Structure formats: C-alpha cells, structure tokens
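Q: Following this line is my_file-v9.txt, made up of compact mmCIF, C-alpha atoms:
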```txt
# COMPACT_ATOMS: atom_id res chain seq x y z
CA MET A 27 33.91 2.87 -31.07
CA ALA A 28 34.77 5.89 -28.92
CA GLY A 29 32.23 7.99 -30.84
CA SER A 30 29.40 5.53 -30.26
CA MET A 31 30.35 5.30 -26.55
CA ARG A 32 30.13 9.09 -26.20
CA ARG A 33 26.82 9.10 -28.04
CA ARG A 34 25.38 6.49 -25.62
CA GLU A 35 26.66 8.48 -22.62
CA PHE A 36 25.14 11.64 -24.07
CA ILE A 37 21.79 9.94 -24.72
CA GLY A 38 21.86 8.48 -21.19
CA LEU A 39 22.60 11.91 -19.76
CA ILE A 40 19.77 13.54 -21.69
CA GLY A 41 17.35 10.77 -20.66
CA GLY A 42 18.38 11.18 -17.03
CA ALA A 43 17.97 14.95 -17.21
CA ALA A 44 14.48 14.53 -18.68
CA ALA A 45 13.48 12.16 -15.86
CA TRP A 46 14.90 14.39 -13.10
CA PRO A 47 11.93 16.81 -12.92
CA LEU A 48 9.61 13.81 -12.58
CA ALA A 49 11.67 12.53 -9.64
CA VAL A 50 11.59 15.95 -7.98
CA ARG A 51 7.82 16.15 -8.45
CA ALA A 52 7.42 12.68 -6.95
CA GLN A 53 9.51 13.67 -3.93
CA GLN A 54 7.45 16.83 -3.41
CA SER A 55 4.16 14.98 -3.61
CA SER A 56 5.38 12.43 -1.09
CA LYS A 57 5.94 15.31 1.33
CA MET A 58 2.26 16.25 1.51
CA LYS A 59 1.60 18.96 4.07
CA ARG A 60 -1.76 19.28 5.77
CA ILE A 61 -3.26 22.53 7.02
CA ALA A 62 -6.64 23.46 8.46
CA ILE A 63 -8.56 26.66 7.84
CA VAL A 64 -11.16 27.46 10.50
CA SER A 65 -13.74 30.22 10.37
CA PRO A 66 -16.63 30.91 12.71
CA ALA A 67 -18.91 31.98 9.86
CA THR A 68 -17.31 31.88 6.38
CA LYS A 69 -18.81 29.26 4.10
CA ILE A 70 -16.38 26.47 3.22
CA SER A 71 -16.86 27.19 -0.48
CA ASP A 72 -15.56 30.75 0.08
CA MET A 73 -12.32 29.51 1.69
CA SER A 74 -10.47 29.05 -1.59
CA VAL A 75 -8.41 30.82 -4.20
CA SER A 76 -11.66 31.74 -5.95
CA GLY A 77 -13.34 32.91 -2.73
CA TYR A 78 -12.82 35.99 -0.60
CA ARG A 79 -9.73 38.14 -1.27
CA ILE A 80 -7.98 37.13 1.95
CA TYR A 81 -8.12 33.47 0.93
CA ARG A 82 -6.96 34.29 -2.62
CA VAL A 83 -3.92 36.11 -1.22
CA PHE A 84 -3.27 33.28 1.24
CA PHE A 85 -3.34 30.58 -1.46
CA GLU A 86 -1.31 32.71 -3.88
CA GLU A 87 1.39 33.11 -1.24
CA LEU A 88 1.36 29.38 -0.50
CA SER A 89 1.79 28.75 -4.22
CA ARG A 90 4.65 31.25 -4.41
CA LEU A 91 6.32 29.28 -1.60
CA GLY A 92 5.88 26.05 -3.55
CA TYR A 93 2.77 24.64 -1.85
CA VAL A 94 -0.04 23.79 -4.24
CA GLU A 95 -3.30 22.29 -3.06
CA GLY A 96 -3.75 18.80 -4.44
CA GLU A 97 -0.07 18.43 -5.32
CA ASN A 98 1.88 18.76 -2.09
CA LEU A 99 -0.70 20.44 0.14
CA MET A 100 -3.93 19.15 1.62
CA VAL A 101 -6.27 21.84 2.93
CA GLU A 102 -9.05 20.97 5.33
CA ARG A 103 -11.70 23.65 5.69
CA TYR A 104 -13.99 24.02 8.70
CA SER A 105 -16.79 26.49 9.32
CA GLY A 106 -18.73 27.22 12.48
CA GLU A 107 -21.57 28.28 10.15
CA GLY A 108 -22.20 31.42 12.17
CA ARG A 109 -22.61 29.62 15.50
CA THR A 110 -19.85 31.52 17.28
CA GLU A 111 -20.95 30.31 20.73
CA ARG A 112 -19.53 26.89 19.81
CA TYR A 113 -16.35 28.20 18.20
CA ALA A 114 -13.98 27.29 21.06
CA ASP A 115 -15.17 23.66 21.10
CA PHE A 116 -15.09 23.57 17.32
CA ALA A 117 -11.51 24.89 17.14
CA ARG A 118 -10.41 22.37 19.80
CA ASP A 119 -11.90 19.55 17.72
CA VAL A 120 -10.03 20.73 14.62
CA VAL A 121 -6.70 20.96 16.49
CA SER A 122 -7.19 17.41 17.72
CA THR A 123 -6.89 16.24 14.07
CA HIS A 124 -3.20 17.30 14.23
CA PRO A 125 -2.63 19.32 11.03
CA ASN A 126 1.03 20.10 10.24
CA PRO A 127 2.54 22.92 12.36
```
Once you've parsed the file, please lay out its structure as structure tokens.
A:
Amino acid sequence: MAGSMRRREFIGLIGGAAAWPLAVRAQQSSKMKRIAIVSPATKISDMSVSGYRIYRVFFEELSRLGYVEGENLMVERYSGEGRTERYADFARDVVSTHPNP
C-alpha cells in the first residue's frame, strides 16, 4: 500500500512538473507588452529582425531579455514615409495610443 501511494505521489509530481512550463508560458503571454517603433522614413517592412541591422540588434536584445514578438510583445510600427515635415504631428499621434513605458 505504501509503495503504491509513493508511486501515485511521484506520478503526480512528475505530471505537475511537466505542466509547470505551460503555466509559466501562459502567465508570460498574459503580460503582453506593447511598444511602438517610429521612423520618419524607414519602411515598416524594414523595422524587423530581418530588416536593417539596428532593428535586428534591437529585437535580438529584446529576445535576450525575454520579450518575443507575438508571444509576450506586441510591436506597432509607424513610418512617416519620408515626409519629415509632418514627423512631430505623427509622433504625437503615436504617443496618444499609449504604448507601454
């Protein structure tokens, strides 16, 4: 009887340990952070890990810190499309969307 009780406790412990990473992942995804990237001229498609080097380094560092786009990070990209005369208004509009500090 004692042996089967220990076996059940062991199996319960192993099952709980296997489920723990799923619970951690669920907690991380529920803590979605939101950031905005704003450029006066860079195309939105170039503001990614596969784009210009500065964005690659930025996203690699975010990943190293535990923030992965689509998992626990939402990235909104905005481009002034080269119209720098409107950049101040454009940036003000983006800030009004209240990304995470």
Q: Identify, on the basis of all atoms listed in the file, every residue whose closest approach to stretch 71-77 of chain A does not exceed 12 Å; exclude the query and any residue fewer than 5 positions from it along the same chain; express the result as a VMD selection string.
A: chain A and resid 62 to 66 82 to 89 94 to 95 101 to 105 107
Q: Write the residues you've just listed into a file as a PDB file, in the frame of the given file, and include C-alpha atoms for each of them.
A:
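This went into again.pdb:
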```pdb
ATOM      1  CA  ALA A  62      -6.640  23.460   8.460  1.00  0.00           C
ATOM      2  CA  ILE A  63      -8.560  26.660   7.840  1.00  0.00           C
ATOM      3  CA  VAL A  64     -11.160  27.460  10.500  1.00  0.00           C
ATOM      4  CA  SER A  65     -13.740  30.220  10.370  1.00  0.00           C
ATOM      5  CA  PRO A  66     -16.630  30.910  12.710  1.00  0.00           C
ATOM      6  CA  ARG A  82      -6.960  34.290  -2.620  1.00  0.00           C
ATOM      7  CA  VAL A  83      -3.920  36.110  -1.220  1.00  0.00           C
ATOM      8  CA  PHE A  84      -3.270  33.280   1.240  1.00  0.00           C
ATOM      9  CA  PHE A  85      -3.340  30.580  -1.460  1.00  0.00           C
ATOM     10  CA  GLU A  86      -1.310  32.710  -3.880  1.00  0.00           C
ATOM     11  CA  GLU A  87       1.390  33.110  -1.240  1.00  0.00           C
ATOM     12  CA  LEU A  88       1.360  29.380  -0.500  1.00  0.00           C
ATOM     13  CA  SER A  89       1.790  28.750  -4.220  1.00  0.00           C
ATOM     14  CA  VAL A  94      -0.040  23.790  -4.240  1.00  0.00           C
ATOM     15  CA  GLU A  95      -3.300  22.290  -3.060  1.00  0.00           C
ATOM     16  CA  VAL A 101      -6.270  21.840   2.930  1.00  0.00           C
ATOM     17  CA  GLU A 102      -9.050  20.970   5.330  1.00  0.00           C
ATOM     18  CA  ARG A 103     -11.700  23.650   5.690  1.00  0.00           C
ATOM     19  CA  TYR A 104     -13.990  24.020   8.700  1.00  0.00           C
ATOM     20  CA  SER A 105     -16.790  26.490   9.320  1.00  0.00           C
ATOM     21  CA  GLU A 107     -21.570  28.280  10.150  1.00  0.00           C
TER      22      GLU A 107
END
```
Q: Kindly indicate which residue among A:Gly108, A:Gly92, A:Ala117, A:Met58 lies nearest to A:Ile70, using all atoms listed in the file for the distances.
A: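 Of the candidates, the smallest distance to A:Ile70 is held by A:Gly108.
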Q: Record the distance separating atom CA of A:Pro127 and atom CA of A:Tyr81, expressed in Å with one decimal.
A: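 Atom-to-atom, atom CA of A:Pro127 and atom CA of A:Tyr81 are spaced 18.9 Å apart.
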Q: Mind pulling up the distance from atom CA of A:Arg112 to atom CA of A:Tyr78?
A: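 Value for the atom CA of A:Tyr78-atom CA of A:Arg112 distance: 23.3 Å.
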Q: Would you mind reading off the distance between atom CA of A:Lys59 and atom CA of A:Leu91, one decimal, in Å?
A: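 If I compute the distance from atom CA of A:Lys59 to atom CA of A:Leu91, I get 12.7 Å.
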Q: Measuring atom to atom with only C-alpha atoms, identify which of A:Arg118, A:Arg109, A:Arg79, A:His124 is nearest to A:Ala67.
A: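 The closest residue to A:Ala67 is A:Arg109.
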Q: Would you place a box with edges along x, y and z of the file around all atoms of stretch 105-110 of chain A listed there, add 5 Å to each of its six sides, and report the centre and edge lengths in Å to one decimal, as AutoDock Vina command-line options?
A:
```
--center_x -19.7 --center_y 29.0 --center_z 13.3 --size_x 15.8 --size_y 15.0 --size_z 18.0
```
Q: With only C-alpha atoms as the atoms that count, which of A:Leu99, A:Lys57, A:Gly106, A:Thr123 lies nearest to A:Lys69?
A: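 Ranked by minimum distance to A:Lys69, first place goes to A:Gly106.
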